[in-house]
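The structure under discussion appears below in the form of structure tokens.
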Amino acid sequence: MSKTTITLVGGGLAGSLMAVYFAKKGYQVNLFERRPDMRRADISAGKSINLALSTRGLRALEKVGLKETILTEAIPMHGRTMHDEVGQLSYQPYGTEGQYINSVSRGGLNIQLLKLADENPDVHLFFNHKCIDIDFKTGETTYLNEAGEKVVQKADYVVGSDGAFSRVRLRMMKSGRLDYSQDYLDHGYKELTIPATADGQFALEPNALHIWPRGEYMMIALPNPDKSFTCTLFYPFTGPNSFDTLKTKSDVEGFFNTHFADAVPLMPTLVEDYFENPTGSLVTVRCYPWVKGKAALLGDACHAVVPFYGQGMNCAFEDCVILDECIDAANGNLDQAFQAYQKSRKENADAIADLAIQNFIEMRDLVGDDDFLHYKQVEHTLCELHPDLFQSQYEMVTFTNVPYSVAKTKGAQNTKVVKKIIANGWEDKITDRTFVRDVLEKQDALSS
Ligand SMILES: Cc1cc2nc3c(=O)[nH]c(=O)nc-3n(C[C@H](O)[C@H](O)[C@H](O)COP(=O)(O)OP(=O)(O)OC[C@H]3O[C@@H](n4cnc5c(N)ncnc54)[C@H](O)[C@@H]3O)c2cc1C
């Protein structure tokens, strides 16, 4: 019997991982990627240079045996280090003992996934193939290759893993009913560099995610294995304080010297980086349905989120796990599996999209605020002392596989509990387990 064939459009993070999952199930997979093969060409992996990988993403990698390989190159970040305007530092752990997020290279991770996919004889990779069309009834996809020739491929099923500006999704929109929204933040982002010091060391504490919160805007920095940091400035596109107003070398130097003074001496190529690197935009994409005829969407193609919870890739990797489980539950009937997958994922994708926007406000505004630091301390103590009773929203999103929609609802309830404890001055009572259980139960009763 001939094998069921699947076309994957897009060989970024989600597409290359899904190729491995499909091949493990015995499907014949053809993956088409618009860009050159990043294993051979020195190309930018696009978007951010490094990313925060956490529990959901790690689970997806573990299932294909890649977790340990990726963790070897990853740098653990145990908490946030905040830099205030005068260069004073404060620190908030992300979770309890043993809980941390991992800074990984986007390019390195994508290359490992492509390599793993390519090891399977049932996977065929096609680079420099840009998808331009899809027929949802026949499973036929059309590409333009490097020579500008049209290439047509027919498969039993198609998965569109072609990112936030997905061509597959665009064709779905044009060919019938599809709810769709696209919301840009007023802020864009620009990547900058803190290189290793002259003696080859990290210029900042490496096991933390660094944040320079400044209210309307912020800069963050994540460590890289070569002992550099990649900084990202999130700043409005237009207005009195915006990318628009930083036109000259002295504008850039003046802005950074005023607002990020402690970072400037560590950024010798600041001005060059600023003018050479593009300014990226940040978008939330929501759509439904994710399935049309023989095709389904995966990852950013159906749910691009802003990066402030560090979950876009983790969510896209979780899509792969859930789709894989849906295929098992449907005994290999892909039509049924696609339906079950979209039903189960939609509310979770919406939840993480909302939480990511909320976290932007927290990161740029609140992390430096004394009340917020106190809130975080109380929350952290509750998590440490009563892990079976209380989990923070951040913990649920980042360190568990609890569905995002549950983390959103339950996390909001727990936030109210912490606020209530602080408002009533009950901080000294939180060591008492019975007291904490009572407060939580009362909150549950109020919420139900
Ligand atoms: C600044 C920034 C920081 C981020 N930080 C984090 C983080 O810390 N943690 C985290 O979990 N997530 C993070 N994310 C989100 C993460 O980058 C995405 O969620 C993730 O890349 C989604 O993977 P994907 O495979 O769906 O899409 P992509 O990674 O975008 O891959 C899509 C692929 O499809 C290809 N493609 C596009 N169009 C076509 C076409 N027509 N034909 C063929 N191929 C095509 C593209 O070339 C690309 O290779 C961040 C995003 C940004 C912008």
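All residue names refer to the structure tokens as shown: chains lettered A, B, ... in order, residues numbered from 1 in each chain, ligands numbered from 1 in order.
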
Env. residues ligand 1 / 6 Å / only C-alpha atoms and all ligand atoms / as an MDAnalysis selection string: chainID A and resid 9:15 32:35 47:48 51:53 129:132 161:163 166:167 299:301 307 310:314 316

Within 9 Å of range 56-59 of chain A using only C-alpha atoms, minus same-chain residues under 6 positions, as number ranges by chain: A: 66-67, 70-71, 311, 313-318, 321, 397-401

Shell around range 347-350 of chain A at 7 Å using only C-alpha atoms, local window under 6 positions removed, as a count of residues only: 4

Strand (DSSP E or B) call set, DSSP backbone run, range 7-191 of chain A, as a ChimeraX atom specification: /A:7-9,28-32,50-53,75-77,79-83,89-93,101-105,123-126,130-135,140-144,150-154,157-160,179-191

Filtered DSSP result for range 242-424 of chain A, state helix (DSSP H, G or I), as number ranges by chain: A: 243-245, 249-259, 264-266, 270-276, 300-303, 307-309, 312-329, 334-366, 370-385, 393-399, 404-423

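By only C-alpha atoms, and with residues fewer than 4 positions from Gln443 in chain A along its chain excluded, the set lying at most 10 Å from it is Gln413, Asn414, Lys416, Val417, Lys420, Arg437, Asp438, Val439, Ser447 and Ser448 of chain A.
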
Go ahead and write the residues just picked, C-alpha atoms, as a PDB file, in the first residue's frame.
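Now in result-v1.pdb:
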ATOM      1  CA  GLN A 413      -7.737  33.996  40.180  1.00  0.00           C
ATOM      2  CA  ASN A 414      -4.388  33.465  41.868  1.00  0.00           C
ATOM      3  CA  LYS A 416      -6.488  38.222  42.881  1.00  0.00           C
ATOM      4  CA  VAL A 417      -5.544  36.077  45.875  1.00  0.00           C
ATOM      5  CA  LYS A 420      -6.054  40.346  48.530  1.00  0.00           C
ATOM      6  CA  ARG A 437      -6.002  27.049  51.539  1.00  0.00           C
ATOM      7  CA  ASP A 438      -8.921  28.972  53.030  1.00  0.00           C
ATOM      8  CA  VAL A 439      -8.157  32.129  51.051  1.00  0.00           C
ATOM      9  CA  SER A 447     -15.098  32.807  40.811  1.00  0.00           C
ATOM     10  CA  SER A 448     -17.410  29.864  40.218  1.00  0.00           C
TER      11      SER A 448
END

What's the 10 Å shell around Phe260 in chain A, counting only C-alpha atoms, without same-chain residues fewer than 6 positions away, as a short mmCIF file (atom, residue, chain, number, x, y, z; two decimals) with C-alpha atoms, in the first residue's frame?
data_model
loop_
_atom_site.label_atom_id
_atom_site.label_comp_id
_atom_site.auth_asym_id
_atom_site.auth_seq_id
_atom_site.Cartn_x
_atom_site.Cartn_y
_atom_site.Cartn_z
CA HIS A 83 18.37 47.61 35.37
CA ASP A 84 16.97 50.94 36.54
CA GLU A 85 17.85 54.34 35.06
CA VAL A 86 20.84 54.79 37.38
CA GLY A 87 22.14 51.30 36.74
CA TRP A 212 15.70 47.74 31.25
CA PRO A 213 12.03 48.69 31.92
CA ARG A 214 11.27 52.29 31.02
CA MET A 218 12.08 48.71 27.27
CA MET A 219 15.21 46.84 26.29
CA GLU A 253 23.88 57.98 21.43
CA GLY A 254 21.88 60.62 23.30
#

Non-local contacts of Thr284 in chain A (10 Å; only C-alpha atoms; under 5 positions in same chain excluded) as a ChimeraX atom specification: /A:164,181-185,300,302-307,350,353-354,356-357

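Using only C-alpha atoms, the shortest contact distance between Tyr143 in chain A and any of A:Thr269, A:Thr193, A:Thr7, A:Thr434 is found at A:Thr7.
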
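Comparing the minimum interatomic distances between Asp244 in chain A and each of A:His386, A:His187, A:Lys410, A:Arg169, counting only C-alpha atoms, we find that A:His187 sits nearest.
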
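As for CA of Asp122 in chain A and CA of Leu17 in chain A, they are spaced 14.1 Å apart.
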
Atomic separation - CA of His380 in chain A relative to CA of Ala412 in chain A, Å: 15.4 Å

Residue nearest Gly26 in chain A - candidates A:Leu8, A:Val378, A:Ile101, A:Val123, atoms counted: only C-alpha atoms: A:Val123

Pick from A:His124, A:Met267, A:Gly176, A:Gly215, whichever lies nearest to Thr197 in chain A using only C-alpha atoms: A:Met267
